[in-house]
>>> print(open('work_19.csv').read())   # CSV, C-alpha atoms
chain,number,residue,atom,x,y,z
A,1,MET,CA,-40.7,-22.9,1.7
A,2,THR,CA,-42.4,-21.5,4.8
A,3,ALA,CA,-40.9,-18.0,5.2
A,4,ARG,CA,-38.4,-16.4,2.8
A,5,VAL,CA,-35.8,-13.9,3.8
A,6,ASP,CA,-36.0,-10.7,1.8
A,7,THR,CA,-32.5,-10.7,0.5
A,8,ALA,CA,-31.2,-10.1,-3.0
A,9,SER,CA,-30.1,-13.6,-3.4
A,10,ALA,CA,-33.4,-15.1,-2.3
A,11,HIS,CA,-35.1,-13.0,-5.1
A,12,GLU,CA,-32.5,-14.2,-7.7
A,13,LEU,CA,-31.2,-10.6,-7.7
A,14,LEU,CA,-27.5,-9.6,-7.8
A,15,SER,CA,-26.0,-6.4,-6.5
A,16,CYS,CA,-22.9,-5.0,-8.1
A,17,HIS,CA,-20.1,-4.8,-5.5
A,18,SER,CA,-18.6,-1.8,-7.2
A,19,CYS,CA,-21.5,0.5,-8.2
A,20,GLY,CA,-24.4,-1.1,-6.2
A,21,LEU,CA,-26.9,-1.5,-9.0
A,22,VAL,CA,-29.3,-4.4,-8.4
A,23,SER,CA,-30.0,-6.6,-11.4
A,24,ARG,CA,-31.9,-9.8,-12.1
A,25,ARG,CA,-30.1,-13.1,-12.8
A,26,PRO,CA,-31.7,-14.1,-16.1
A,27,ALA,CA,-30.8,-17.8,-16.2
A,28,PRO,CA,-28.2,-19.9,-14.5
A,29,VAL,CA,-25.3,-18.4,-16.5
A,30,SER,CA,-21.8,-18.8,-15.3
A,31,ARG,CA,-20.5,-15.2,-15.9
A,32,LEU,CA,-22.6,-12.1,-15.6
A,33,SER,CA,-21.5,-8.5,-15.7
A,34,CYS,CA,-23.2,-5.4,-14.3
A,35,PRO,CA,-25.3,-3.7,-16.9
A,36,ARG,CA,-24.3,-0.3,-15.7
A,37,CYS,CA,-20.6,-0.5,-14.9
A,38,GLY,CA,-19.5,-3.8,-16.4
A,39,VAL,CA,-18.0,-5.4,-13.3
A,40,ALA,CA,-18.5,-9.2,-12.9
A,41,LEU,CA,-21.5,-9.9,-10.8
A,42,HIS,CA,-21.6,-12.5,-8.0
A,43,ALA,CA,-24.3,-13.2,-5.4
A,44,ARG,CA,-21.5,-13.9,-2.9
A,45,ILE,CA,-17.8,-13.5,-3.1
A,46,PRO,CA,-16.7,-16.6,-5.0
A,47,ARG,CA,-15.3,-19.4,-2.8
A,48,SER,CA,-15.3,-17.0,0.1
A,49,LEU,CA,-15.0,-19.6,2.8
A,50,SER,CA,-12.1,-21.7,1.4
A,51,ARG,CA,-10.1,-18.6,0.4
A,52,THR,CA,-10.6,-17.0,3.8
A,53,TRP,CA,-9.5,-20.3,5.4
A,54,ALA,CA,-6.4,-20.3,3.2
A,55,TRP,CA,-5.3,-16.8,4.1
A,56,LEU,CA,-6.1,-17.4,7.8
A,57,VAL,CA,-4.2,-20.7,8.1
A,58,ALA,CA,-1.2,-19.1,6.4
A,59,ALA,CA,-1.5,-16.2,8.9
A,60,ILE,CA,-1.7,-18.6,11.9
A,61,MET,CA,1.4,-20.5,10.7
A,62,LEU,CA,3.5,-17.3,10.2
A,63,TYR,CA,2.3,-16.0,13.6
A,64,VAL,CA,4.7,-18.5,15.3
A,65,PRO,CA,8.0,-17.3,13.8
A,66,ALA,CA,6.6,-13.7,14.1
A,67,ASN,CA,6.6,-14.1,17.9
A,68,LEU,CA,9.7,-16.3,18.3
A,69,LEU,CA,12.1,-14.4,16.1
A,70,PRO,CA,13.5,-11.0,17.2
A,71,ILE,CA,11.9,-8.0,15.5
A,72,MET,CA,15.0,-5.9,16.1
A,73,HIS,CA,18.6,-6.0,17.2
A,74,VAL,CA,20.0,-2.9,19.0
A,75,THR,CA,23.8,-2.5,19.3
A,76,SER,CA,25.2,0.2,21.5
A,77,PHE,CA,28.7,0.4,23.1
A,78,GLY,CA,29.6,-3.0,21.6
A,79,ARG,CA,26.7,-4.9,23.2
A,80,THR,CA,23.8,-6.2,21.2
A,81,ARG,CA,20.3,-6.7,22.5
A,82,SER,CA,17.7,-8.7,20.5
A,83,ASP,CA,14.1,-8.2,21.2
A,84,THR,CA,11.0,-10.2,20.2
A,85,ILE,CA,7.6,-8.5,20.2
A,86,LEU,CA,6.9,-9.8,23.8
A,87,SER,CA,10.3,-9.1,25.2
A,88,GLY,CA,10.3,-5.7,23.6
A,89,ALA,CA,7.0,-4.9,25.4
A,90,GLU,CA,8.5,-6.3,28.7
A,91,TYR,CA,11.6,-4.2,28.3
A,92,LEU,CA,9.4,-1.1,28.0
A,93,VAL,CA,7.7,-2.0,31.2
A,94,GLN,CA,11.1,-2.4,32.9
A,95,LEU,CA,12.0,1.1,31.7
A,96,GLY,CA,8.7,2.3,33.2
A,97,MET,CA,7.2,3.3,29.8
A,98,TRP,CA,3.8,1.9,30.6
A,99,PRO,CA,1.7,3.6,28.0
A,100,LEU,CA,4.1,2.6,25.2
A,101,ALA,CA,4.2,-1.0,26.5
A,102,LEU,CA,0.4,-1.0,26.4
A,103,ILE,CA,0.2,0.3,22.8
A,104,VAL,CA,2.7,-2.3,21.7
A,105,PHE,CA,1.0,-5.1,23.6
A,106,VAL,CA,-2.5,-4.2,22.4
A,107,ALA,CA,-1.5,-3.7,18.7
A,108,SER,CA,1.0,-6.6,18.4
A,109,VAL,CA,-0.4,-9.3,20.6
A,110,LEU,CA,-4.1,-8.6,21.6
A,111,VAL,CA,-5.3,-7.4,18.2
A,112,PRO,CA,-3.8,-10.2,16.0
A,113,VAL,CA,-4.9,-13.0,18.3
A,114,THR,CA,-8.4,-11.6,18.7
A,115,LYS,CA,-8.7,-11.0,15.0
A,116,ILE,CA,-7.6,-14.6,14.1
A,117,ALA,CA,-9.9,-16.0,16.8
A,118,ILE,CA,-12.9,-14.0,15.6
A,119,LEU,CA,-12.3,-15.0,11.9
A,120,VAL,CA,-12.1,-18.7,12.9
A,121,TYR,CA,-15.3,-18.4,14.8
A,122,LEU,CA,-17.1,-16.6,12.0
A,123,LEU,CA,-16.0,-19.2,9.4
A,124,VAL,CA,-17.0,-22.1,11.6
A,125,SER,CA,-20.4,-20.5,12.5
A,126,VAL,CA,-21.2,-20.0,8.8
A,127,GLN,CA,-20.1,-23.5,8.0
A,128,VAL,CA,-22.4,-25.1,10.6
A,129,ARG,CA,-25.2,-22.8,9.4
A,130,SER,CA,-25.5,-21.1,12.8
A,131,ARG,CA,-28.5,-18.8,13.4
A,132,TYR,CA,-27.0,-17.4,16.6
A,133,ARG,CA,-27.1,-13.6,16.8
A,134,PRO,CA,-26.2,-12.6,13.3
A,135,LEU,CA,-26.1,-8.9,14.1
A,136,ASP,CA,-23.5,-9.5,16.8
A,137,ARG,CA,-21.5,-11.7,14.5
A,138,LEU,CA,-21.6,-9.0,11.9
A,139,ARG,CA,-20.3,-6.5,14.5
A,140,LEU,CA,-17.4,-8.8,15.3
A,141,TYR,CA,-16.6,-8.8,11.6
A,142,ARG,CA,-16.7,-5.0,11.4
A,143,PHE,CA,-14.5,-4.8,14.4
A,144,THR,CA,-11.8,-7.1,12.9
A,145,GLU,CA,-11.9,-5.2,9.6
A,146,PHE,CA,-11.5,-1.9,11.4
A,147,VAL,CA,-8.9,-2.8,14.0
A,148,GLY,CA,-6.7,-5.3,12.1
A,149,ARG,CA,-4.5,-2.8,10.3
A,150,TRP,CA,-3.3,-1.2,13.5
A,151,SER,CA,-1.2,-4.2,14.3
A,152,MET,CA,1.3,-2.8,11.7
A,153,VAL,CA,2.4,-0.1,14.2
A,154,ASP,CA,5.3,-2.2,15.6
A,155,VAL,CA,6.7,-2.6,12.1
A,156,PHE,CA,6.6,1.1,11.6
A,157,VAL,CA,8.3,1.7,15.0
A,158,VAL,CA,11.1,-0.5,13.9
A,159,THR,CA,11.3,1.4,10.6
A,160,VAL,CA,11.5,4.8,12.3
A,161,LEU,CA,14.1,3.5,14.9
A,162,VAL,CA,16.2,2.1,12.1
A,163,ALA,CA,16.3,5.4,10.4
A,164,LEU,CA,16.8,7.5,13.5
A,165,ILE,CA,19.5,5.6,15.4
A,166,HIS,CA,21.5,5.2,12.3
A,167,LEU,CA,21.7,9.0,12.2
A,168,GLY,CA,22.9,9.3,15.8
A,169,ARG,CA,25.9,7.0,15.1
A,170,VAL,CA,26.0,5.9,18.7
A,171,ALA,CA,23.8,2.9,18.3
A,172,GLU,CA,22.9,0.6,15.4
A,173,VAL,CA,19.4,-0.8,15.0
A,174,GLU,CA,18.8,-3.6,12.7
A,175,ALA,CA,15.4,-5.0,11.7
A,176,GLY,CA,15.0,-8.6,12.6
A,177,LEU,CA,13.3,-11.4,10.7
A,178,GLY,CA,10.4,-11.4,13.2
A,179,ALA,CA,9.3,-8.0,11.8
A,180,LEU,CA,9.0,-9.5,8.3
A,181,PHE,CA,6.9,-12.4,9.6
A,182,PHE,CA,4.8,-10.1,11.7
A,183,SER,CA,4.1,-7.7,8.7
A,184,ALA,CA,3.2,-10.8,6.7
A,185,VAL,CA,0.7,-11.9,9.4
A,186,VAL,CA,-1.0,-8.5,9.3
A,187,VAL,CA,-1.2,-8.5,5.5
A,188,LEU,CA,-2.6,-12.1,5.5
A,189,THR,CA,-5.2,-11.5,8.2
A,190,MET,CA,-6.3,-8.3,6.3
A,191,LEU,CA,-6.7,-10.4,3.1
A,192,ALA,CA,-8.6,-13.0,5.1
A,193,ALA,CA,-11.0,-10.4,6.4
A,194,ARG,CA,-11.5,-9.0,2.9
A,195,THR,CA,-12.3,-12.3,1.3
A,196,PHE,CA,-14.8,-13.2,4.0
A,197,ASP,CA,-18.3,-12.3,2.7
A,198,PRO,CA,-20.3,-10.9,5.7
A,199,ARG,CA,-23.6,-11.7,3.8
A,200,LEU,CA,-22.9,-15.4,4.4
A,201,ILE,CA,-23.7,-14.8,8.1
A,202,TRP,CA,-27.2,-13.8,7.2
A,203,ASP,CA,-27.9,-16.5,4.7
A,204,ASN,CA,-29.3,-18.7,7.5
A,205,ALA,CA,-30.9,-15.9,9.5
A,206,GLU,CA,-34.5,-15.5,10.5
A,207,PRO,CA,-36.8,-13.7,8.0
A,208,VAL,CA,-37.5,-10.1,8.7
A,209,ASP,CA,-40.7,-8.1,8.3
A,210,VAL,CA,-40.6,-5.4,5.8
A,211,GLU,CA,-41.0,-1.8,6.9
A,212,SER,CA,-39.5,1.5,5.8
A,213,ASN,CA,-35.9,2.2,6.1
A,214,ALA,CA,-34.5,3.6,9.3
A,215,HIS,CA,-33.4,7.2,9.0
A,216,ARG,CA,-30.5,8.5,11.0
B,217,MET,CA,-24.1,-11.9,-22.9
B,218,SER,CA,-25.1,-9.1,-25.2
B,219,ALA,CA,-28.7,-9.1,-24.0
B,220,VAL,CA,-29.5,-6.4,-21.5
B,221,ILE,CA,-29.9,-7.8,-18.0
B,222,PRO,CA,-33.0,-6.4,-16.3
B,223,HIS,CA,-32.1,-4.2,-13.4
B,224,HIS,CA,-33.7,-2.0,-10.7
B,225,HIS,CA,-32.6,1.5,-10.2
B,226,ASN,CA,-34.8,2.0,-7.1
B,227,LEU,CA,-33.7,-1.1,-5.3
B,228,LEU,CA,-30.7,-1.6,-3.1
B,229,ALA,CA,-29.2,-4.7,-1.5
B,230,CYS,CA,-27.3,-4.1,1.7
B,231,PRO,CA,-23.6,-4.8,1.1
B,232,GLU,CA,-23.2,-6.4,4.5
B,233,CYS,CA,-26.4,-8.5,4.9
B,234,ASP,CA,-27.9,-8.5,1.4
B,235,LEU,CA,-31.4,-7.3,2.6
B,236,LEU,CA,-33.3,-5.8,-0.3
B,237,GLN,CA,-34.5,-2.3,0.4
B,238,ARG,CA,-36.0,0.6,-1.4
B,239,LEU,CA,-34.5,4.0,-0.8
B,240,PRO,CA,-37.0,6.6,0.4
B,241,PRO,CA,-37.7,9.2,-2.3
B,242,GLU,CA,-37.2,12.0,0.1
B,243,ARG,CA,-33.8,11.4,1.6
B,244,GLY,CA,-33.2,14.6,3.3
B,245,ARG,CA,-29.7,15.4,4.5
B,246,GLY,CA,-29.1,12.4,6.7
B,247,ARG,CA,-27.8,8.9,6.2
B,248,VAL,CA,-30.0,6.0,5.3
B,249,CYS,CA,-29.0,2.8,7.2
B,250,CYS,CA,-29.9,-0.8,6.6
B,251,ARG,CA,-32.9,-1.8,8.6
B,252,ARG,CA,-31.5,-5.1,9.6
B,253,CYS,CA,-27.8,-4.5,10.2
B,254,GLY,CA,-27.4,-0.8,10.4
B,255,CYS,CA,-24.8,-0.6,7.6
B,256,VAL,CA,-24.8,2.9,5.9
B,257,LEU,CA,-26.6,2.5,2.6
B,258,HIS,CA,-26.8,6.1,1.4
B,259,HIS,CA,-25.1,9.4,2.4
B,260,ALA,CA,-26.9,12.5,1.5
B,261,GLY,CA,-25.6,16.0,1.3
B,262,ARG,CA,-22.2,16.9,0.0
B,263,ASP,CA,-21.4,17.0,-3.6
B,264,VAL,CA,-20.1,13.6,-4.9
B,265,ILE,CA,-17.6,15.1,-7.3
B,266,VAL,CA,-16.3,18.5,-6.0
B,267,VAL,CA,-15.8,17.4,-2.4
B,268,PRO,CA,-13.6,14.4,-3.1
B,269,LEU,CA,-11.7,16.5,-5.7
B,270,ALA,CA,-11.0,19.2,-3.2
B,271,LEU,CA,-9.8,16.7,-0.6
B,272,GLY,CA,-7.7,15.0,-3.2
B,273,ILE,CA,-5.9,18.2,-4.2
B,274,THR,CA,-5.4,19.2,-0.5
B,275,ALA,CA,-4.0,15.7,0.2
B,276,MET,CA,-1.6,15.9,-2.8
B,277,VAL,CA,-0.1,19.2,-1.4
B,278,LEU,CA,0.3,17.7,2.1
B,279,PHE,CA,1.7,14.5,0.8
B,280,ILE,CA,4.4,16.3,-1.1
B,281,LEU,CA,5.2,18.4,2.0
B,282,SER,CA,5.4,15.4,4.2
B,283,ASN,CA,7.9,13.7,1.9
B,284,ALA,CA,10.0,16.8,1.2
B,285,PHE,CA,10.6,18.0,4.8
B,286,PRO,CA,12.2,16.3,7.8
B,287,LEU,CA,9.9,14.1,9.8
B,288,LEU,CA,11.9,14.1,13.1
B,289,GLU,CA,14.8,16.2,14.2
B,290,PHE,CA,17.3,14.4,16.3
B,291,GLY,CA,19.9,15.8,18.7
B,292,LEU,CA,22.4,13.9,20.7
B,293,GLN,CA,25.6,15.1,22.4
B,294,GLY,CA,25.8,18.2,20.2
B,295,HIS,CA,25.2,16.3,17.1
B,296,ARG,CA,22.1,17.3,15.1
B,297,ASP,CA,20.4,15.5,12.3
B,298,ALA,CA,17.0,15.0,10.7
B,299,THR,CA,15.2,12.1,9.1
B,300,TYR,CA,12.7,11.8,6.3
B,301,LEU,CA,9.7,9.6,5.6
B,302,LEU,CA,11.7,7.6,3.0
B,303,ALA,CA,14.9,7.2,5.2
B,304,GLY,CA,13.6,4.2,7.2
B,305,ILE,CA,12.6,2.4,4.0
B,306,ARG,CA,16.0,3.1,2.4
B,307,GLU,CA,17.7,1.8,5.5
B,308,LEU,CA,15.6,-1.4,5.5
B,309,PHE,CA,16.6,-2.0,1.9
B,310,ALA,CA,20.3,-1.4,2.9
B,311,GLN,CA,20.0,-3.9,5.7
B,312,ASP,CA,19.0,-6.5,3.2
B,313,ARG,CA,15.3,-6.7,4.2
B,314,PRO,CA,13.8,-6.1,0.8
B,315,LEU,CA,10.4,-7.7,1.6
B,316,LEU,CA,9.9,-5.8,4.8
B,317,ALA,CA,11.0,-2.6,3.1
B,318,SER,CA,8.5,-3.2,0.3
B,319,VAL,CA,5.6,-3.7,2.8
B,320,VAL,CA,6.5,-0.4,4.5
B,321,LEU,CA,7.0,1.3,1.1
B,322,PHE,CA,3.7,0.2,-0.2
B,323,THR,CA,1.7,1.0,2.9
B,324,THR,CA,3.2,4.5,3.7
B,325,ILE,CA,4.1,5.8,0.2
B,326,LEU,CA,2.7,3.9,-2.8
B,327,ALA,CA,-0.8,3.2,-1.5
B,328,PRO,CA,-1.4,6.8,-0.2
B,329,ALA,CA,0.0,8.1,-3.5
B,330,LEU,CA,-2.2,5.8,-5.5
B,331,HIS,CA,-5.2,6.9,-3.4
B,332,ILE,CA,-4.5,10.6,-3.9
B,333,GLY,CA,-3.6,10.1,-7.6
B,334,LEU,CA,-6.8,8.2,-8.3
B,335,LEU,CA,-9.0,10.8,-6.6
B,336,ILE,CA,-7.6,13.5,-8.8
B,337,TYR,CA,-7.6,11.3,-11.9
B,338,LEU,CA,-11.3,10.4,-11.3
B,339,TYR,CA,-12.8,13.6,-10.1
B,340,LEU,CA,-10.9,16.3,-12.0
B,341,PRO,CA,-12.4,15.3,-15.4
B,342,LEU,CA,-15.8,14.6,-13.8
B,343,ALA,CA,-15.8,18.1,-12.4
B,344,LEU,CA,-15.1,19.4,-15.9
B,345,GLY,CA,-18.0,17.3,-17.2
B,346,ARG,CA,-16.0,14.5,-18.8
B,347,ARG,CA,-15.7,10.8,-17.9
B,348,PRO,CA,-12.1,9.7,-17.3
B,349,PRO,CA,-11.0,6.7,-19.4
B,350,GLY,CA,-11.1,3.5,-17.3
B,351,MET,CA,-13.5,5.1,-14.7
B,352,VAL,CA,-14.8,1.7,-13.6
B,353,ALA,CA,-11.4,0.3,-12.9
B,354,ALA,CA,-10.2,3.5,-11.2
B,355,LEU,CA,-13.3,3.5,-9.0
B,356,ARG,CA,-12.8,-0.1,-7.9
B,357,LEU,CA,-9.1,0.5,-7.4
B,358,VAL,CA,-9.7,3.6,-5.2
B,359,GLN,CA,-12.0,1.5,-3.0
B,360,ALA,CA,-9.5,-1.4,-2.9
B,361,VAL,CA,-6.4,0.6,-2.0
B,362,LEU,CA,-8.0,2.3,1.0
B,363,PRO,CA,-7.2,-0.3,3.7
B,364,TRP,CA,-3.6,-0.5,2.6
B,365,SER,CA,-2.9,3.1,3.0
B,366,MET,CA,-1.6,3.2,6.6
B,367,LEU,CA,-0.3,6.7,7.2
B,368,GLU,CA,-2.3,7.1,10.4
B,369,ILE,CA,-0.8,3.9,11.8
B,370,PHE,CA,2.7,5.1,10.7
B,371,LEU,CA,2.1,8.4,12.5
B,372,LEU,CA,1.4,6.4,15.7
B,373,GLY,CA,4.6,4.5,15.0
B,374,VAL,CA,6.6,7.7,14.7
B,375,LEU,CA,5.1,8.9,18.0
B,376,VAL,CA,6.0,5.6,19.8
B,377,ALA,CA,9.5,5.6,18.4
B,378,GLY,CA,9.9,9.3,19.3
B,379,VAL,CA,8.8,8.8,22.9
B,380,LYS,CA,11.0,5.7,23.2
B,381,LEU,CA,14.1,7.6,22.3
B,382,ALA,CA,13.2,10.9,24.1
B,383,GLU,CA,15.1,9.8,27.2
B,384,GLN,CA,18.4,9.3,25.4
B,385,ALA,CA,18.2,12.1,22.9
B,386,THR,CA,16.3,15.2,22.0
B,387,ILE,CA,13.6,14.4,19.5
B,388,GLU,CA,11.5,17.1,17.9
B,389,PRO,CA,8.8,16.8,15.2
B,390,GLY,CA,9.9,18.3,11.9
B,391,PRO,CA,7.6,20.1,9.4
B,392,ALA,CA,6.7,16.8,7.8
B,393,ALA,CA,5.2,15.5,11.0
B,394,TRP,CA,2.7,18.3,11.1
B,395,ALA,CA,1.9,17.9,7.4
B,396,LEU,CA,1.5,14.1,8.0
B,397,GLY,CA,-0.9,14.8,10.9
B,398,LEU,CA,-3.1,17.0,8.6
B,399,LEU,CA,-2.8,14.5,5.7
B,400,VAL,CA,-4.1,11.7,7.9
B,401,ILE,CA,-7.2,13.8,8.7
B,402,VAL,CA,-7.7,14.8,5.0
B,403,LEU,CA,-7.3,11.2,3.8
B,404,ALA,CA,-9.8,9.9,6.4
B,405,ALA,CA,-12.3,12.5,5.2
B,406,ALA,CA,-11.6,11.6,1.6
B,407,ALA,CA,-12.2,7.9,2.4
B,408,THR,CA,-15.8,8.7,3.5
B,409,GLN,CA,-16.5,10.8,0.4
B,410,VAL,CA,-16.2,8.3,-2.4
B,411,HIS,CA,-19.7,7.1,-3.2
B,412,PRO,CA,-19.7,5.0,-6.4
B,413,HIS,CA,-23.5,4.5,-6.0
B,414,ARG,CA,-24.4,8.1,-6.0
B,415,LEU,CA,-21.7,8.9,-8.6
B,416,TRP,CA,-23.2,6.5,-11.0
B,417,ASP,CA,-26.7,7.8,-10.4
B,418,ARG,CA,-25.4,11.2,-11.5
B,419,VAL,CA,-23.0,10.2,-14.3
B,420,ALA,CA,-25.0,7.4,-16.0
>>> encode(input="work_19.csv", output="structure tokens")
Amino acid sequence: MTARVDTASAHELLSCHSCGLVSRRPAPVSRLSCPRCGVALHARIPRSLSRTWAWLVAAIMLYVPANLLPIMHVTSFGRTRSDTILSGAEYLVQLGMWPLALIVFVASVLVPVTKIAILVYLLVSVQVRSRYRPLDRLRLYRFTEFVGRWSMVDVFVVTVLVALIHLGRVAEVEAGLGALFFSAVVVLTMLAARTFDPRLIWDNAEPVDVESNAHR
Amino acid sequence: MSAVIPHHHNLLACPECDLLQRLPPERGRGRVCCRRCGCVLHHAGRDVIVVPLALGITAMVLFILSNAFPLLEFGLQGHRDATYLLAGIRELFAQDRPLLASVVLFTTILAPALHIGLLIYLYLPLALGRRPPGMVAALRLVQAVLPWSMLEIFLLGVLVAGVKLAEQATIEPGPAAWALGLLVIVLAAAATQVHPHRLWDRVA
């Protein structure tokens, strides 16, 4: 071995994902638990790649009905209007509500698509043992983890509208099946991001020289 | 498995890139960040037990308020009414969308309640010098439940829905909307104050 990366796994050390304690792997044992808090120890999230792929493929499949089926039906004065996510955003533009249309479009279209694309890219890049800009790839991961939950906003808008308009008794709002599929997509992509182990990005990275920690 | 596994109290592996690092002995009041990826490894300063407890109790009061009072007040053609946090979920159940209703129930009521409940369950006994039963599980659960508590996103949803309807009806935020706004801030602060690492250094 020419140069070795100074990571816990390269030193046969394991860090507890709950309390952070670093301990030494004694022998190749199948199950280890943290000597301080007792949680099971793993060098990496077990089967991280295949589990992340599974959640992600499920999310991609459900994303189709989430966009094709209406997220809500509004009935007023005897006429029913059904809106999918995209047609709902378009309708807001027609009404001149640009800021709202933008929020809906970013949260419901841009964010899920970007998130799925980033996760696919991260999985592939780890699988081909890419050494390309690990820090930027980690930043992409942090971005998806931070931003993914906000896609839920459309589902909450439907929930509030359903409650409010029912009270007014002039119009009836019904949640469509699209809303259910869409919330499933958000949940599944969140699970995918959480089972992806970002340390895998660094497992093929260049070694670093050891200096003191950066204070901020 | 009974043998004690050798471990290192002075070493730390970055949770996001696994780089082994030693925490500086004099940590001052700042944060210590990973040298390679910048992930925050150590927060200094605030008390690891009293601060999360205080935030947990504040959050509990605000959570009760935001469920007990109307969220939005609604006026249309002389007709006035108000809606509560739970009303939309109940209506979704009534419309035969139990799965969708459950997702909303979990992310806006159950997960925040669990988050707040666990904060008090963990930190109240610790503040009194006792270790709560099942502390390990509770600590893991409080970290795991965080991303699923989506009140801040719900608040944005309330805002969008309110603005959407404002042309056809008069919509006013009720007391629960203000409580919810404060709760979102308190819960965000609480999320940054759970430090299992430092807690264990003090408790163990």
>>> closest_residue(input="work_19.csv", among="A:Leu13, A:Val111, A:Leu21, A:Ile45", to="Pro412 of chain B", atoms="all atoms listed in the file")
A:Leu21
>>> atom_distance(input="work_19.csv", atom1="atom CA of Leu200 of chain A", atom2="atom CA of Cys16 of chain A")
16.3 Å
>>> interface_residues(input="work_19.csv", of="chain B", to="chain A", cutoff="7 Å", atoms="only C-alpha atoms", output="number ranges by chain")
B: 220-225, 227-229, 232-236, 246-251, 253, 292, 297, 299, 303-305, 307, 316, 352, 356, 369-370, 372-374, 376-377, 412-413, 416
>>> write_last_selection(input="work_19.csv", atoms="C-alpha atoms", output="compact mmCIF listing (two decimals), in the coordinates of the input")
# COMPACT_ATOMS: atom_id res chain seq x y z
CA VAL B 220 -29.50 -6.40 -21.50
CA ILE B 221 -29.90 -7.80 -18.00
CA PRO B 222 -33.00 -6.40 -16.30
CA HIS B 223 -32.10 -4.20 -13.40
CA HIS B 224 -33.70 -2.00 -10.70
CA HIS B 225 -32.60 1.50 -10.20
CA LEU B 227 -33.70 -1.10 -5.30
CA LEU B 228 -30.70 -1.60 -3.10
CA ALA B 229 -29.20 -4.70 -1.50
CA GLU B 232 -23.20 -6.40 4.50
CA CYS B 233 -26.40 -8.50 4.90
CA ASP B 234 -27.90 -8.50 1.40
CA LEU B 235 -31.40 -7.30 2.60
CA LEU B 236 -33.30 -5.80 -0.30
CA GLY B 246 -29.10 12.40 6.70
CA ARG B 247 -27.80 8.90 6.20
CA VAL B 248 -30.00 6.00 5.30
CA CYS B 249 -29.00 2.80 7.20
CA CYS B 250 -29.90 -0.80 6.60
CA ARG B 251 -32.90 -1.80 8.60
CA CYS B 253 -27.80 -4.50 10.20
CA LEU B 292 22.40 13.90 20.70
CA ASP B 297 20.40 15.50 12.30
CA THR B 299 15.20 12.10 9.10
CA ALA B 303 14.90 7.20 5.20
CA GLY B 304 13.60 4.20 7.20
CA ILE B 305 12.60 2.40 4.00
CA GLU B 307 17.70 1.80 5.50
CA LEU B 316 9.90 -5.80 4.80
CA VAL B 352 -14.80 1.70 -13.60
CA ARG B 356 -12.80 -0.10 -7.90
CA ILE B 369 -0.80 3.90 11.80
CA PHE B 370 2.70 5.10 10.70
CA LEU B 372 1.40 6.40 15.70
CA GLY B 373 4.60 4.50 15.00
CA VAL B 374 6.60 7.70 14.70
CA VAL B 376 6.00 5.60 19.80
CA ALA B 377 9.50 5.60 18.40
CA PRO B 412 -19.70 5.00 -6.40
CA HIS B 413 -23.50 4.50 -6.00
CA TRP B 416 -23.20 6.50 -11.00
>>> residues_near_point(input="work_19.csv", point="(10.0, 19.7, 5.8)", cutoff="8 Å", atoms="only C-alpha atoms", output="JSON, numbers by chain")
{"B": [281, 282, 283, 284, 285, 286, 287, 390, 391, 392]}
>>> atom_distance(input="work_19.csv", atom1="atom CA of Ala260 of chain B", atom2="atom CA of Cys230 of chain B")
16.6 Å
>>> residues_around(input="work_19.csv", residues="Val267 of chain B", least_positions_apart="2", cutoff="10 Å", atoms="all atoms listed in the file", output="list in words")
Arg262, Asp263, Val264, Ile265, Leu269, Ala270, Leu271, Gly272, Tyr339, Ala405, Ala406, Gln409 and Val410 of chain B
>>> atom_distance(input="work_19.csv", atom1="atom CA of Ser48 of chain A", atom2="atom CA of Arg252 of chain B")
22.2 Å
